[in-house]
Amino acid sequence: MKTRMTKKIKSGISLFLTLIFILMSCSSQANELEEQADYCYKPSKPLFFSTAQTKNRYAEDMQEYQRCKKSFIEMQDRSAKMKKESDMNSQLILDTFMDKSH
């Protein structure tokens with residue numbers, strides 16, 4: 001009787017841990033989408049360039065925007081790699097816990 005109760009408790013704990021890992025994963029993905037919307041500012045192109053200086057300024061702003069996008073993509077790639085490693089570690093911890101509980 002006591003063994004059956006212990007197994008139910010351990011099963012409940014493992015289910016709880018699994019749900020926590022899933023929720024953490026979903027919340028981090030939602031945050032990444034929100035960050036993307038406000039990270040880089042795309043300059044608006046004027047209808048015409050009144051001087052060479054405004055044309056040069058627009059070209060500089062576009063270059064900055066492109067650097068920003070590239071930086072954002074690199075940051076997201078690093079974040080995705082870290083998340084993948086974290087998921088693998090979480091799964092390893094969960095598997096280790098499950099092995100010890102049975």
# chains A, B, ... in the order shown; residues from 1 in each chain; ligands from 1
$ residues_around --residues "segment 40-52 of chain A" --least-positions-apart "4" --cutoff "12 Å" --atoms "only C-alpha atoms" --output "list of chain:residue names"
A:Glu35, A:Gln36, A:Asn56, A:Arg57, A:Tyr58, A:Ala59, A:Glu60, A:Asp61, A:Met62, A:Gln63, A:Glu64, A:Tyr65, A:Gln66, A:Arg67, A:Cys68, A:Lys69, A:Lys70, A:Ser71, A:Phe72, A:Ile73
$ write_last_selection --atoms "C-alpha atoms" --output "JSON list (two decimals), in the first residue's frame"
[["chain", "number", "residue", "atom", "x", "y", "z"],
["A", 35, "GLU", "CA", 11.16, 41.54, -28.65],
["A", 36, "GLN", "CA", 11.33, 41.25, -32.42],
["A", 56, "ASN", "CA", 23.44, 60.28, -47.25],
["A", 57, "ARG", "CA", 21.64, 60.37, -43.90],
["A", 58, "TYR", "CA", 18.99, 57.97, -45.22],
["A", 59, "ALA", "CA", 21.70, 55.63, -46.57],
["A", 60, "GLU", "CA", 23.44, 55.66, -43.17],
["A", 61, "ASP", "CA", 20.15, 54.97, -41.39],
["A", 62, "MET", "CA", 19.46, 52.03, -43.71],
["A", 63, "GLN", "CA", 22.92, 50.62, -43.07],
["A", 64, "GLU", "CA", 22.34, 50.92, -39.33],
["A", 65, "TYR", "CA", 18.97, 49.20, -39.74],
["A", 66, "GLN", "CA", 20.57, 46.33, -41.67],
["A", 67, "ARG", "CA", 23.30, 45.96, -39.01],
["A", 68, "CYS", "CA", 20.60, 45.94, -36.34],
["A", 69, "LYS", "CA", 18.64, 43.20, -38.15],
["A", 70, "LYS", "CA", 21.79, 41.12, -38.57],
["A", 71, "SER", "CA", 22.65, 41.56, -34.89],
["A", 72, "PHE", "CA", 19.11, 40.62, -33.88],
["A", 73, "ILE", "CA", 19.20, 37.46, -36.01]]
$ atom_distance --atom1 "atom CA of Glu85 of chain A" --atom2 "atom CA of Ile20 of chain A"
16.8 Å
$ atom_distance --atom1 "atom CA of Ser90 of chain A" --atom2 "atom CA of Asp77 of chain A"
19.7 Å
$ atom_distance --atom1 "atom CA of Thr96 of chain A" --atom2 "atom CA of Ala80 of chain A"
24.1 Å
